[in-house]
Amino acid sequence: MIGRSWRRHGIRLFAALALLMLAGWLMGHTGVVLLVGLSGYLVWQLFNIGRLDQWLSDEQRSPPESLGIWADIFDQIHTLEKLNQRQLEQNRKIIREFRSMTDALPDATLVLDEQDAITWFNEAARKLLALKNPEDLGQPVTNLLRDPDLADWISAASQLESRFEMSSPLDVNVRLSVSALRHREDQRLLILRDVTDLHNLEQVRRDFVANVSHELRTPLTVLTGYLESLRGYDDVELTPAIERMQDQAMQMQALLTDLLELSRLQESTQSPLDEPIDVCAMLLQLREQAEEISRGRHSIQIDCERGLQLLGNRKDIESAFRNLLSNAVKYTPAPGNIHITWRREPDALVLRVSDTGLGIPSRSIPRLTERFYRVGSDRARQRGGTGLGLAIVKHALNSHDARLEVESTLGEGSTFSCIFPLTREVSSQA
Ligand code: ADP
């Protein structure tokens, strides 16, 4: 459009110049007439530039009236400005909709910058965490949610996609589950969800299992006592039945022991009683227990880095290592080799239990630590398994910031590795 009016303007200018030259020639003063004409043209241009400047600095006014190329320029700018306004209004609408959407979210959502300062939060964050807008914007989140474990969790880059549970700063009975997502290179999204109902339900389930297990223990002890005395009667018909009953009672006892152990571990999510553990001495003791189960069918070797002590809860760690060792014995047919190593590796402290046993199909490995998961339920039951051993191991390791890794080849053997962070080494804590 402007292109076309420029052409028109050019033609008019050219025609005016030609007329001026003709008039000047007729008057015998071509130069003077041309100068006067061009000065007039220059004044008109300056006048319009002034009006443009005035109009642009005053947002409210409608475009000035003008002629020729200037009328087109004013129109064009006016159209662009209207388009801009429309776009701006549309953007404002999108922001309003986004705000009302995020305010309708039941989860408290906060945006944190690189320094973990809050740059934005929604309505649920205001209600759930009593955050104030705009006073709390720009404040480090850990100044407002004062939980030392939360501060550690937020600062640990590796835990970005994990979850953290804490009590609400407003009411200790309200449990919040916190998760964080990297939203941009320099921004994180912190999402806090009220999981009080779920938490209470889980507590009820845990209490129920623990109570039932506890209550079943006494009658079972009475039953096994009577079965023991009945074995004294040398009755050919009764003896096989009593033996079977005794086997089943033992299996039930093992199950109750594991259930109680698991609920004890679940109760203490953090490991409060950290103490230096002489892992080598512990392994020697556990080997004696494993040899009792093995009854000479396995060779059990320990390769231990002397003096390498672990900071942890002795009872939990012993429970985890005992389960790994007894599994190695249970699932390794005679004659089998079991090899235990405890050493410091470049970036972790590692306990490995390797066996030359049955092995585990690769599809089962991710499910091993599920409660009651067994690889081929028959083979586990025949060997006195409860299906809870590795769940116990996982819980014990979790509360020590450690993880379990399993490598196995079916028919050749398995290696279970407990990987502890170097911060768990006793000397590094001193
Ligand atoms: P269980 O008490 O039945 O042994 P676990 O939780 O300790 O339960 O183990 C889960 C399953 O993993 C077991 O049923 C067993 O099939 C398999 N498993 C555990 N350790 C080993 C091992 N060292 N070799 C082969 N299979 C194993």
# chains A, B, ... in the order shown; residues from 1 in each chain; ligands from 1
>>> select_by_dssp(residues="range 234-339 of chain A", states="strand (DSSP E or B)", output="PDB file with N, CA and C atoms, in the first residue's frame")
ATOM      1  N   GLU A 275      25.332 -44.953  63.848  1.00  0.00           N
ATOM      2  CA  GLU A 275      26.513 -45.284  64.657  1.00  0.00           C
ATOM      3  C   GLU A 275      27.541 -45.923  63.736  1.00  0.00           C
ATOM      4  N   PRO A 276      28.832 -45.888  64.123  1.00  0.00           N
ATOM      5  CA  PRO A 276      29.844 -46.533  63.274  1.00  0.00           C
ATOM      6  C   PRO A 276      29.653 -48.051  63.311  1.00  0.00           C
ATOM      7  N   ILE A 277      29.608 -48.666  62.140  1.00  0.00           N
ATOM      8  CA  ILE A 277      29.419 -50.127  62.087  1.00  0.00           C
ATOM      9  C   ILE A 277      30.682 -50.758  61.518  1.00  0.00           C
ATOM     10  N   HIS A 298      27.708 -75.084  51.011  1.00  0.00           N
ATOM     11  CA  HIS A 298      28.260 -73.960  50.248  1.00  0.00           C
ATOM     12  C   HIS A 298      29.603 -73.511  50.803  1.00  0.00           C
ATOM     13  N   SER A 299      30.407 -72.943  49.900  1.00  0.00           N
ATOM     14  CA  SER A 299      31.633 -72.304  50.395  1.00  0.00           C
ATOM     15  C   SER A 299      31.358 -70.794  50.423  1.00  0.00           C
ATOM     16  N   ILE A 300      31.498 -70.206  51.598  1.00  0.00           N
ATOM     17  CA  ILE A 300      31.179 -68.770  51.741  1.00  0.00           C
ATOM     18  C   ILE A 300      32.463 -67.994  52.020  1.00  0.00           C
ATOM     19  N   GLN A 301      32.836 -67.107  51.097  1.00  0.00           N
ATOM     20  CA  GLN A 301      34.077 -66.336  51.262  1.00  0.00           C
ATOM     21  C   GLN A 301      33.786 -64.850  51.467  1.00  0.00           C
ATOM     22  N   ILE A 302      34.630 -64.244  52.315  1.00  0.00           N
ATOM     23  CA  ILE A 302      34.462 -62.800  52.555  1.00  0.00           C
ATOM     24  C   ILE A 302      35.732 -62.077  52.143  1.00  0.00           C
ATOM     25  N   ASP A 303      35.552 -61.012  51.372  1.00  0.00           N
ATOM     26  CA  ASP A 303      36.684 -60.184  50.957  1.00  0.00           C
ATOM     27  C   ASP A 303      36.360 -58.768  51.452  1.00  0.00           C
ATOM     28  N   CYS A 304      37.003 -58.380  52.564  1.00  0.00           N
ATOM     29  CA  CYS A 304      36.533 -57.202  53.279  1.00  0.00           C
ATOM     30  C   CYS A 304      37.629 -56.156  53.435  1.00  0.00           C
ATOM     31  N   LEU A 310      31.009 -48.214  58.350  1.00  0.00           N
ATOM     32  CA  LEU A 310      29.810 -47.598  57.770  1.00  0.00           C
ATOM     33  C   LEU A 310      29.043 -46.858  58.860  1.00  0.00           C
ATOM     34  N   LEU A 311      28.547 -45.673  58.534  1.00  0.00           N
ATOM     35  CA  LEU A 311      27.732 -44.928  59.481  1.00  0.00           C
ATOM     36  C   LEU A 311      26.270 -45.290  59.224  1.00  0.00           C
ATOM     37  N   GLY A 312      25.636 -45.925  60.203  1.00  0.00           N
ATOM     38  CA  GLY A 312      24.252 -46.329  59.952  1.00  0.00           C
ATOM     39  C   GLY A 312      23.608 -46.925  61.187  1.00  0.00           C
ATOM     40  N   GLY A 336      27.732 -74.969  46.079  1.00  0.00           N
ATOM     41  CA  GLY A 336      27.715 -73.615  45.504  1.00  0.00           C
ATOM     42  C   GLY A 336      28.719 -72.701  46.177  1.00  0.00           C
ATOM     43  N   ASN A 337      29.054 -71.621  45.471  1.00  0.00           N
ATOM     44  CA  ASN A 337      29.989 -70.638  46.041  1.00  0.00           C
ATOM     45  C   ASN A 337      29.265 -69.315  46.282  1.00  0.00           C
ATOM     46  N   ILE A 338      29.560 -68.764  47.455  1.00  0.00           N
ATOM     47  CA  ILE A 338      28.997 -67.438  47.766  1.00  0.00           C
ATOM     48  C   ILE A 338      30.173 -66.534  48.112  1.00  0.00           C
ATOM     49  N   HIS A 339      30.203 -65.376  47.459  1.00  0.00           N
ATOM     50  CA  HIS A 339      31.334 -64.477  47.651  1.00  0.00           C
ATOM     51  C   HIS A 339      30.811 -63.114  48.105  1.00  0.00           C
TER      52      HIS A 339
END
>>> residues_around(residues="Asn133 in chain A", least_positions_apart="5", cutoff="9 Å", atoms="only C-alpha atoms", output="PyMOL selection string")
chain A and resi 120-121+126
>>> residues_near_ligand(ligand="ligand 1", cutoff="7 Å", atoms="only C-alpha atoms and all ligand atoms", output="MDAnalysis selection string")
chainID A and resid 323:324 327:328 331:332 355 357:360 368:369 371:377 379:381 384:391 413:414
>>> write_last_selection(atoms="N, CA, C and O atoms", output="tab-separated table (two decimals), in the first residue's frame")
chain	number	residue	atom	x	y	z
A	323	ASN	N	19.50	-60.86	55.14
A	323	ASN	CA	18.54	-61.32	54.12
A	323	ASN	C	19.26	-61.65	52.82
A	323	ASN	O	18.93	-62.66	52.17
A	324	LEU	N	20.21	-60.80	52.42
A	324	LEU	CA	20.93	-61.06	51.16
A	324	LEU	C	21.72	-62.36	51.25
A	324	LEU	O	21.75	-63.18	50.32
A	327	ASN	N	19.39	-65.40	51.34
A	327	ASN	CA	18.87	-65.66	49.99
A	327	ASN	C	19.91	-66.39	49.14
A	327	ASN	O	19.58	-67.31	48.40
A	328	ALA	N	21.16	-65.93	49.24
A	328	ALA	CA	22.23	-66.56	48.45
A	328	ALA	C	22.32	-68.03	48.80
A	328	ALA	O	22.47	-68.89	47.92
A	331	TYR	N	18.96	-69.91	47.53
A	331	TYR	CA	18.75	-70.06	46.09
A	331	TYR	C	20.01	-70.51	45.34
A	331	TYR	O	20.14	-70.28	44.15
A	332	THR	N	20.96	-71.12	46.08
A	332	THR	CA	22.15	-71.67	45.42
A	332	THR	C	22.22	-73.16	45.73
A	332	THR	O	22.46	-73.56	46.88
A	355	ASP	N	26.51	-65.10	44.12
A	355	ASP	CA	26.37	-66.56	44.28
A	355	ASP	C	26.39	-67.25	42.93
A	355	ASP	O	26.30	-66.59	41.89
A	357	GLY	N	24.14	-69.45	42.07
A	357	GLY	CA	22.86	-70.15	42.23
A	357	GLY	C	21.96	-70.17	41.01
A	357	GLY	O	22.43	-70.09	39.87
A	358	LEU	N	20.65	-70.22	41.29
A	358	LEU	CA	19.64	-70.43	40.25
A	358	LEU	C	19.55	-69.26	39.26
A	358	LEU	O	19.17	-69.43	38.12
A	359	GLY	N	19.89	-68.07	39.73
A	359	GLY	CA	19.75	-66.88	38.88
A	359	GLY	C	18.29	-66.44	38.80
A	359	GLY	O	17.38	-67.13	39.26
A	360	ILE	N	18.10	-65.26	38.20
A	360	ILE	CA	16.75	-64.66	38.15
A	360	ILE	C	16.49	-64.20	36.72
A	360	ILE	O	17.37	-63.55	36.12
A	368	LEU	N	11.66	-57.46	42.14
A	368	LEU	CA	12.13	-58.27	43.27
A	368	LEU	C	11.84	-57.67	44.65
A	368	LEU	O	11.59	-58.41	45.59
A	369	THR	N	11.88	-56.33	44.75
A	369	THR	CA	11.71	-55.73	46.08
A	369	THR	C	10.24	-55.47	46.43
A	369	THR	O	9.94	-54.91	47.48
A	371	ARG	N	6.66	-56.34	47.89
A	371	ARG	CA	6.28	-57.27	48.94
A	371	ARG	C	5.59	-58.49	48.34
A	371	ARG	O	4.75	-58.36	47.45
A	372	PHE	N	5.96	-59.66	48.79
A	372	PHE	CA	5.40	-60.96	48.40
A	372	PHE	C	5.68	-61.35	46.96
A	372	PHE	O	5.07	-62.27	46.44
A	373	TYR	N	6.58	-60.62	46.30
A	373	TYR	CA	6.92	-61.04	44.93
A	373	TYR	C	7.94	-62.16	45.01
A	373	TYR	O	8.95	-62.09	45.70
A	374	ARG	N	7.63	-63.24	44.32
A	374	ARG	CA	8.57	-64.37	44.28
A	374	ARG	C	8.80	-64.78	42.85
A	374	ARG	O	7.86	-64.79	42.04
A	375	VAL	N	10.03	-65.17	42.55
A	375	VAL	CA	10.32	-65.67	41.19
A	375	VAL	C	9.94	-67.15	41.21
A	375	VAL	O	10.62	-67.94	41.84
A	376	GLY	N	8.85	-67.51	40.56
A	376	GLY	CA	8.40	-68.90	40.63
A	376	GLY	C	8.03	-69.19	42.07
A	376	GLY	O	8.89	-69.55	42.87
A	377	SER	N	6.74	-68.98	42.42
A	377	SER	CA	6.36	-69.06	43.83
A	377	SER	C	6.71	-70.40	44.46
A	377	SER	O	6.99	-70.47	45.65
A	379	ARG	N	9.37	-72.39	43.91
A	379	ARG	CA	10.76	-72.56	44.32
A	379	ARG	C	11.06	-71.77	45.59
A	379	ARG	O	11.82	-72.18	46.44
A	380	ALA	N	10.39	-70.59	45.73
A	380	ALA	CA	10.65	-69.78	46.91
A	380	ALA	C	10.05	-70.44	48.15
A	380	ALA	O	10.68	-70.50	49.20
A	381	ARG	N	8.79	-70.92	48.02
A	381	ARG	CA	8.14	-71.51	49.19
A	381	ARG	C	8.86	-72.76	49.66
A	381	ARG	O	9.05	-72.98	50.84
A	384	GLY	N	11.53	-72.05	51.94
A	384	GLY	CA	11.20	-71.31	53.17
A	384	GLY	C	11.16	-69.81	52.99
A	384	GLY	O	11.32	-69.07	53.95
A	385	GLY	N	10.95	-69.35	51.75
A	385	GLY	CA	10.90	-67.91	51.50
A	385	GLY	C	9.57	-67.31	51.89
A	385	GLY	O	8.54	-67.98	51.82
A	386	THR	N	9.59	-66.05	52.31
A	386	THR	CA	8.34	-65.36	52.67
A	386	THR	C	7.95	-64.33	51.61
A	386	THR	O	6.84	-63.83	51.61
A	387	GLY	N	8.89	-63.99	50.74
A	387	GLY	CA	8.62	-62.97	49.72
A	387	GLY	C	8.80	-61.56	50.27
A	387	GLY	O	8.47	-60.57	49.62
A	388	LEU	N	9.34	-61.45	51.51
A	388	LEU	CA	9.49	-60.12	52.11
A	388	LEU	C	10.95	-59.70	52.29
A	388	LEU	O	11.23	-58.54	52.59
A	389	GLY	N	11.85	-60.66	52.09
A	389	GLY	CA	13.28	-60.40	52.38
A	389	GLY	C	13.83	-59.19	51.65
A	389	GLY	O	14.44	-58.30	52.26
A	390	LEU	N	13.60	-59.12	50.35
A	390	LEU	CA	14.20	-58.01	49.58
A	390	LEU	C	13.46	-56.69	49.81
A	390	LEU	O	14.04	-55.62	49.66
A	391	ALA	N	12.17	-56.79	50.21
A	391	ALA	CA	11.45	-55.55	50.58
A	391	ALA	C	12.10	-54.98	51.84
A	391	ALA	O	12.28	-53.75	51.97
A	413	GLY	N	23.89	-67.57	38.25
A	413	GLY	CA	24.07	-66.93	39.55
A	413	GLY	C	23.65	-65.48	39.56
A	413	GLY	O	23.26	-64.93	38.53
A	414	SER	N	23.74	-64.88	40.75
A	414	SER	CA	23.29	-63.49	40.90
A	414	SER	C	24.28	-62.70	41.76
A	414	SER	O	25.01	-63.28	42.56
>>> closest_residue(among="A:Ser354, A:Thr109, A:Ser167, A:Gln285", to="Ile191 in chain A", atoms="only C-alpha atoms")
A:Thr109
>>> closest_residue(among="A:Ala402, A:Val111, A:Asp147, A:Val236", to="Arg182 in chain A", atoms="only C-alpha atoms")
A:Val111
>>> closest_residue(among="A:Leu170, A:Pro333, A:Ala396, A:Ala180", to="Glu261 in chain A", atoms="only C-alpha atoms")
A:Ala396
>>> atom_distance(atom1="CA of Phe164 in chain A", atom2="CA of Ala130 in chain A")
19.5 Å
>>> residues_around(residues="Gly138 in chain A", least_positions_apart="2", cutoff="10 Å", atoms="only C-alpha atoms", output="ChimeraX atom specification")
/A:112-113,115-120,134-136,140-141
>>> closest_residue(among="A:Arg314, A:Glu407, A:Asn200, A:Ser319", to="Arg352 in chain A", atoms="only C-alpha atoms")
A:Glu407
>>> residues_around(residues="Met245 in chain A", least_positions_apart="6", cutoff="10 Å", atoms="only C-alpha atoms", output="list in words")
Leu223, Thr224, Leu227, Thr239 and Gln251 of chain A
>>> write_last_selection(atoms="N, CA and C atoms", output="PDB file, in the first residue's frame")
ATOM      1  N   LEU A 223       1.058 -73.291  69.717  1.00  0.00           N
ATOM      2  CA  LEU A 223       0.881 -74.420  68.782  1.00  0.00           C
ATOM      3  C   LEU A 223       2.202 -75.154  68.541  1.00  0.00           C
ATOM      4  N   THR A 224       3.265 -74.387  68.279  1.00  0.00           N
ATOM      5  CA  THR A 224       4.555 -75.046  67.989  1.00  0.00           C
ATOM      6  C   THR A 224       5.055 -75.799  69.231  1.00  0.00           C
ATOM      7  N   LEU A 227       3.140 -79.009  69.288  1.00  0.00           N
ATOM      8  CA  LEU A 227       3.617 -79.882  68.199  1.00  0.00           C
ATOM      9  C   LEU A 227       4.951 -80.522  68.582  1.00  0.00           C
ATOM     10  N   THR A 239       3.281 -89.066  62.948  1.00  0.00           N
ATOM     11  CA  THR A 239       4.556 -88.345  62.782  1.00  0.00           C
ATOM     12  C   THR A 239       4.646 -87.533  61.487  1.00  0.00           C
ATOM     13  N   GLN A 251       7.129 -71.832  58.836  1.00  0.00           N
ATOM     14  CA  GLN A 251       6.962 -70.892  57.720  1.00  0.00           C
ATOM     15  C   GLN A 251       6.154 -69.669  58.173  1.00  0.00           C
TER      16      GLN A 251
END
>>> residues_around(residues="Pro361 in chain A", least_positions_apart="3", cutoff="9 Å", atoms="only C-alpha atoms", output="list in words")
Ser364, Ile365, Val375, Ser408, Thr409 and Leu410 of chain A
>>> write_last_selection(atoms="all heavy atoms", output="short mmCIF file (atom, residue, chain, number, x, y, z; two decimals), in the first residue's frame")
data_model
loop_
_atom_site.label_atom_id
_atom_site.label_comp_id
_atom_site.auth_asym_id
_atom_site.auth_seq_id
_atom_site.Cartn_x
_atom_site.Cartn_y
_atom_site.Cartn_z
N SER A 364 12.04 -60.37 35.86
CA SER A 364 11.63 -60.36 37.28
C SER A 364 12.44 -59.38 38.11
O SER A 364 12.00 -58.98 39.19
CB SER A 364 11.80 -61.75 37.89
OG SER A 364 10.97 -62.66 37.26
N ILE A 365 13.62 -59.01 37.62
CA ILE A 365 14.53 -58.19 38.46
C ILE A 365 13.88 -56.88 38.95
O ILE A 365 13.95 -56.59 40.14
CB ILE A 365 15.88 -57.95 37.72
CG1 ILE A 365 16.62 -59.28 37.66
CG2 ILE A 365 16.73 -56.89 38.42
CD1 ILE A 365 17.95 -59.25 36.96
N VAL A 375 10.03 -65.17 42.55
CA VAL A 375 10.32 -65.67 41.19
C VAL A 375 9.94 -67.15 41.21
O VAL A 375 10.62 -67.94 41.84
CB VAL A 375 11.83 -65.53 40.87
CG1 VAL A 375 12.11 -66.00 39.46
CG2 VAL A 375 12.28 -64.12 41.07
N SER A 408 21.95 -60.59 37.31
CA SER A 408 21.76 -62.03 37.42
C SER A 408 21.68 -62.68 36.04
O SER A 408 21.21 -62.07 35.09
CB SER A 408 20.47 -62.30 38.20
OG SER A 408 20.33 -63.66 38.43
N THR A 409 22.17 -63.91 35.97
CA THR A 409 22.02 -64.70 34.75
C THR A 409 21.37 -66.01 35.14
O THR A 409 21.86 -66.70 36.04
CB THR A 409 23.40 -64.97 34.10
OG1 THR A 409 24.09 -63.73 34.02
CG2 THR A 409 23.27 -65.58 32.72
N LEU A 410 20.26 -66.30 34.48
CA LEU A 410 19.50 -67.49 34.83
C LEU A 410 20.38 -68.73 34.68
O LEU A 410 21.05 -68.92 33.67
CB LEU A 410 18.28 -67.58 33.90
CG LEU A 410 17.09 -68.36 34.44
CD1 LEU A 410 16.62 -67.82 35.77
CD2 LEU A 410 15.96 -68.35 33.43
#
>>> decode(residues="range 269-291 of chain A", atoms="N, CA, C and O atoms", output="mmCIF file, in the first residue's frame")
data_model
loop_
_atom_site.group_PDB
_atom_site.id
_atom_site.type_symbol
_atom_site.label_atom_id
_atom_site.label_comp_id
_atom_site.auth_asym_id
_atom_site.auth_seq_id
_atom_site.Cartn_x
_atom_site.Cartn_y
_atom_site.Cartn_z
ATOM 1 N N THR A 269 11.241 -43.974 58.963
ATOM 2 C CA THR A 269 11.652 -43.645 57.591
ATOM 3 C C THR A 269 13.063 -43.070 57.550
ATOM 4 O O THR A 269 13.841 -43.370 56.674
ATOM 5 N N GLN A 270 13.398 -42.242 58.538
ATOM 6 C CA GLN A 270 14.772 -41.755 58.624
ATOM 7 C C GLN A 270 15.500 -42.664 59.618
ATOM 8 O O GLN A 270 14.866 -43.285 60.459
ATOM 9 N N SER A 271 16.799 -42.740 59.471
ATOM 10 C CA SER A 271 17.549 -43.605 60.363
ATOM 11 C C SER A 271 18.111 -42.774 61.507
ATOM 12 O O SER A 271 19.122 -42.108 61.362
ATOM 13 N N PRO A 272 17.416 -42.750 62.681
ATOM 14 C CA PRO A 272 17.824 -41.808 63.710
ATOM 15 C C PRO A 272 19.066 -42.250 64.485
ATOM 16 O O PRO A 272 19.782 -41.440 65.014
ATOM 17 N N LEU A 273 19.297 -43.585 64.547
ATOM 18 C CA LEU A 273 20.380 -44.053 65.401
ATOM 19 C C LEU A 273 21.623 -44.392 64.593
ATOM 20 O O LEU A 273 22.035 -45.541 64.517
ATOM 21 N N ASP A 274 22.202 -43.387 63.976
ATOM 22 C CA ASP A 274 23.412 -43.644 63.205
ATOM 23 C C ASP A 274 24.585 -43.903 64.139
ATOM 24 O O ASP A 274 24.784 -43.168 65.095
ATOM 25 N N GLU A 275 25.332 -44.953 63.848
ATOM 26 C CA GLU A 275 26.513 -45.284 64.657
ATOM 27 C C GLU A 275 27.541 -45.923 63.736
ATOM 28 O O GLU A 275 27.197 -46.447 62.673
ATOM 29 N N PRO A 276 28.832 -45.888 64.123
ATOM 30 C CA PRO A 276 29.844 -46.533 63.274
ATOM 31 C C PRO A 276 29.653 -48.051 63.311
ATOM 32 O O PRO A 276 29.524 -48.638 64.385
ATOM 33 N N ILE A 277 29.608 -48.666 62.140
ATOM 34 C CA ILE A 277 29.419 -50.127 62.087
ATOM 35 C C ILE A 277 30.682 -50.758 61.518
ATOM 36 O O ILE A 277 31.118 -50.396 60.413
ATOM 37 N N ASP A 278 31.226 -51.709 62.255
ATOM 38 C CA ASP A 278 32.374 -52.462 61.762
ATOM 39 C C ASP A 278 31.808 -53.562 60.847
ATOM 40 O O ASP A 278 31.418 -54.637 61.312
ATOM 41 N N VAL A 279 31.724 -53.241 59.579
ATOM 42 C CA VAL A 279 31.039 -54.150 58.639
ATOM 43 C C VAL A 279 31.748 -55.508 58.569
ATOM 44 O O VAL A 279 31.095 -56.555 58.506
ATOM 45 N N CYS A 280 33.096 -55.506 58.636
ATOM 46 C CA CYS A 280 33.821 -56.780 58.527
ATOM 47 C C CYS A 280 33.422 -57.710 59.673
ATOM 48 O O CYS A 280 33.139 -58.894 59.443
ATOM 49 N N ALA A 281 33.367 -57.158 60.898
ATOM 50 C CA ALA A 281 32.997 -57.994 62.045
ATOM 51 C C ALA A 281 31.560 -58.493 61.880
ATOM 52 O O ALA A 281 31.261 -59.664 62.157
ATOM 53 N N MET A 282 30.697 -57.621 61.392
ATOM 54 C CA MET A 282 29.298 -58.006 61.199
ATOM 55 C C MET A 282 29.186 -59.140 60.179
ATOM 56 O O MET A 282 28.445 -60.115 60.370
ATOM 57 N N LEU A 283 29.979 -59.032 59.113
ATOM 58 C CA LEU A 283 29.908 -60.061 58.062
ATOM 59 C C LEU A 283 30.389 -61.416 58.583
ATOM 60 O O LEU A 283 29.832 -62.459 58.217
ATOM 61 N N LEU A 284 31.409 -61.381 59.445
ATOM 62 C CA LEU A 284 31.908 -62.652 59.999
ATOM 63 C C LEU A 284 30.805 -63.345 60.799
ATOM 64 O O LEU A 284 30.609 -64.558 60.702
ATOM 65 N N GLN A 285 30.085 -62.558 61.574
ATOM 66 C CA GLN A 285 28.971 -63.116 62.372
ATOM 67 C C GLN A 285 27.881 -63.670 61.469
ATOM 68 O O GLN A 285 27.367 -64.767 61.677
ATOM 69 N N LEU A 286 27.551 -62.871 60.431
ATOM 70 C CA LEU A 286 26.473 -63.301 59.528
ATOM 71 C C LEU A 286 26.878 -64.563 58.774
ATOM 72 O O LEU A 286 26.040 -65.405 58.453
ATOM 73 N N ARG A 287 28.193 -64.674 58.472
ATOM 74 C CA ARG A 287 28.636 -65.880 57.772
ATOM 75 C C ARG A 287 28.374 -67.127 58.632
ATOM 76 O O ARG A 287 27.947 -68.163 58.131
ATOM 77 N N GLU A 288 28.618 -66.974 59.951
ATOM 78 C CA GLU A 288 28.380 -68.123 60.848
ATOM 79 C C GLU A 288 26.915 -68.552 60.770
ATOM 80 O O GLU A 288 26.607 -69.736 60.666
ATOM 81 N N GLN A 289 26.015 -67.551 60.783
ATOM 82 C CA GLN A 289 24.578 -67.883 60.709
ATOM 83 C C GLN A 289 24.249 -68.536 59.370
ATOM 84 O O GLN A 289 23.496 -69.507 59.306
ATOM 85 N N ALA A 290 24.850 -67.998 58.293
ATOM 86 C CA ALA A 290 24.570 -68.553 56.959
ATOM 87 C C ALA A 290 25.101 -69.979 56.859
ATOM 88 O O ALA A 290 24.472 -70.851 56.232
ATOM 89 N N GLU A 291 26.249 -70.224 57.487
ATOM 90 C CA GLU A 291 26.819 -71.578 57.437
ATOM 91 C C GLU A 291 25.928 -72.582 58.153
ATOM 92 O O GLU A 291 25.855 -73.746 57.764
#
